[in-house]
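Asker: My questions all concern the structure below.
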Amino acid sequence: MIYTIATIGSHSALQILKGAKDEGFKTLLFTLKQNLDFYKQYPFIDRFISLDKYSDLLKIESKFKKYKIIMIPHGSFVAYLGKDYDEKTVFPYFGSKKILSIEADRNMQDKWLSFSGLITPKIFGGLNSVDRPVIVKSYGAKGGSGYLLCTNKKSLKKALAKFQKEKIVIQEYIIGTPVYVQFFYSLIDKRLEILGIDRRYESNVDGIGRIPSVFQKNMVADPSFTVIGNFPIVLRESLLPKIYSLGLSIVRSSEKLAPPQGLYGPFCLETVIDGEMNIYTIEISCRIVAGTNLFTNGSPYSDLLYDKPVSSGRRIAMEIKKALKVKKLAQILS
Ligand code: AMP
Ligand code: AMP
């Protein structure tokens, strides 16, 4: 294989490069110097480029163009390389940059979810209209850190004062089970797949839930939602067709929003399912999510589709391989 699949060292890099190797690609990791020893343990990474800091990547990229690199973005790209890396990189990039720019804007993302017919938590314009528990989110927050839960006007006022000039969204708080559905839409096969499902373990909100309420009363702890890890979850089978239809609606509407390809590759619908089995979508993530790391060796759902262990990372490599075979590589890169 003449192509090299590359990514940066964090988040889901191991899974992406393992999957690429399993499908016969060469693999390359851009990593910070201090993490090099860790990544060198893994025999499926052919080549390492170590960096003093992530921002150096853009400066050196052009030297590597001749290696036919395909860059696979993941959740750490925005955190480490900044919002505009997508636009500046010289590497062909797996996924739709148009969709990523829609995803990055909370307002546009919300419109997209509603336009697709998904139920989303109610958004409030300001303090006075709020009539139920809400979660206040700043635009820049990632991985659930920095969110504030407000159950009354007093706590909401305090939260708004804390965020001051930051762009925020005041969202209805849904009591239910957070369920994160890992999809893959194949542009080549025109097929939507569920590759795995997880729920998050979030500190300290999940920790508070372990303490009986009589003890909670004497402990003043504001819930926070910083993701610490992920659990696998399998859903009641009757929920699966509903979840699948939400994924299909999102894909179909994306074709209108960002023609011609729309959304493709791995994406995740982040939902909370309440006691009436209403599925509220709180966010969409349009690249590989870290919860897929649970399924490096496949999941109960990918096992039903494939006779080999297929992680989301490997599925990306399978898509690139097939696109090469049918001469449609340009369609899935941007
Ligand atoms: P890290 O490299 O672990 O610092 O993560 C980089 C970005 O990915 C941060 O914005 C995190 O919030 C996000 N992230 C990392 N791990 C997870 C996870 N298990 N679930 C959700 N987001 C994550
Ligand atoms: P997000 O960064 O939007 O994926 O949210 C991180 C975590 O905050 C989720 O996993 C939930 O536990 C919690 N969360 C976010 N929005 C809501 C909401 N509207 N209702 C209930 N919980 C929420």
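Ordering of the structure tokens sets the chain letters (A, B, ...), residue numbers begin anew at 1 in every chain, and ligands are numbered from 1 in the order given.
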What do you get as a list in words if you pick all residues at most 7 Å from ligand 2, counting only C-alpha atoms and all ligand atoms?
Answerer: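 The distance check yields Pro121, Ile135, Lys142, Gly143, Gly144, Gln171, Glu172, Tyr173, Ile174, Ile175, Pro178, Arg200, Glu202, Phe225, Glu270, Val272, Ile282 and Glu283 of chain A.
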Asker: Taking 4 positions as the minimum chain separation for residues in the same chain, which residues sit within 12 Å of Ile49 (chain A) when counting only C-alpha atoms? Answer as a PyMOL selection string.
Answerer: chain A and resi 6-9+27-36+39-40+45+53-54+56-57+60-61+63-64
Asker: Kindly provide, as a list in words, all nucleotide and amino acid residues lying within 8 Å of ligand 1, counting only C-alpha atoms and all ligand atoms.
Answerer: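 Written in the requested form, the residues are Ser10, His11, His74, Gly75, Ser76, Phe77, Val78, Ala79, Tyr80, Ala141, Lys142, Gly143, Gly144, Ser145, Arg200, Thr226, Val227, Ile228, Gly229, Asn230, Val289, Ala290 and Gly291 of chain A.
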Asker: Would you please work out which residue, of A:Leu160, A:Ile273, A:Leu235, A:Ile70, is nearest to Pro300 (chain A) when using only C-alpha atoms?
Answerer: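 For Pro300 (chain A), the nearest of the candidates is A:Leu235.
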Asker: Based on DSSP run over this structure's backbone, return all residues of region 74-241 of chain A in strand (DSSP E or B), as a PyMOL selection string.
Answerer: chain A and resi 74+93-94+119+123-124+134-138+148-150+168-172+177-186+191-204+225-232
Asker: One number please: CA of Ala323 (chain A) to CA of Ile5 (chain A), in Å, one decimal.
Answerer: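 Rounded to one decimal, the two atoms are 14.1 Å apart.
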Asker: Considering only C-alpha atoms, return as a ChimeraX atom specification whatever protein or nucleic-acid residues lie within 7 Å of Val136 (chain A), sequence-local ones (same chain, fewer than 5 positions apart) excluded.
Answerer: /A:147-149,168-171
Asker: In terms of the shortest atom-to-atom distance over only C-alpha atoms, which of A:Gly82, A:Tyr67, A:Lys137, A:Arg236 is closest to Ile123 (chain A)?
Answerer: A:Lys137
Asker: I want to know what sits within 8 Å of region 112-116 of chain A, based on only C-alpha atoms, with residues of the same chain fewer than 6 positions away left out; could you give that as a PyMOL selection string?
Answerer: chain A and resi 246+249-250+253-254+281
Asker: Restricting it to N, CA, C and O atoms, dump the selection as a PDB file, in the first residue's frame.
Answerer:
ATOM      1  N   LEU A 246     -32.580   7.974  13.862  1.00  0.00           N
ATOM      2  CA  LEU A 246     -32.041   9.312  14.143  1.00  0.00           C
ATOM      3  C   LEU A 246     -30.743   9.532  13.363  1.00  0.00           C
ATOM      4  O   LEU A 246     -30.520  10.587  12.770  1.00  0.00           O
ATOM      5  N   SER A 249     -31.572  10.184   9.731  1.00  0.00           N
ATOM      6  CA  SER A 249     -32.088  11.545   9.486  1.00  0.00           C
ATOM      7  C   SER A 249     -30.947  12.555   9.463  1.00  0.00           C
ATOM      8  O   SER A 249     -30.944  13.477   8.634  1.00  0.00           O
ATOM      9  N   ILE A 250     -30.007  12.374  10.398  1.00  0.00           N
ATOM     10  CA  ILE A 250     -28.875  13.297  10.459  1.00  0.00           C
ATOM     11  C   ILE A 250     -28.055  13.235   9.161  1.00  0.00           C
ATOM     12  O   ILE A 250     -27.661  14.255   8.607  1.00  0.00           O
ATOM     13  N   SER A 253     -30.107  14.884   6.245  1.00  0.00           N
ATOM     14  CA  SER A 253     -30.187  16.348   6.285  1.00  0.00           C
ATOM     15  C   SER A 253     -28.818  16.973   6.028  1.00  0.00           C
ATOM     16  O   SER A 253     -28.725  18.073   5.497  1.00  0.00           O
ATOM     17  N   SER A 254     -27.754  16.245   6.394  1.00  0.00           N
ATOM     18  CA  SER A 254     -26.402  16.798   6.177  1.00  0.00           C
ATOM     19  C   SER A 254     -26.104  16.936   4.675  1.00  0.00           C
ATOM     20  O   SER A 254     -25.345  17.800   4.266  1.00  0.00           O
ATOM     21  N   THR A 281     -31.179  14.450  21.994  1.00  0.00           N
ATOM     22  CA  THR A 281     -29.803  14.552  21.507  1.00  0.00           C
ATOM     23  C   THR A 281     -29.201  15.834  22.062  1.00  0.00           C
ATOM     24  O   THR A 281     -29.731  16.927  21.827  1.00  0.00           O
TER      25      THR A 281
END
Asker: Which residue out of A:Val90, A:Leu263, A:Val234, A:Leu269 has the minimum interatomic distance to Ser186 (chain A) when only C-alpha atoms are used?
Answerer: A:Leu263
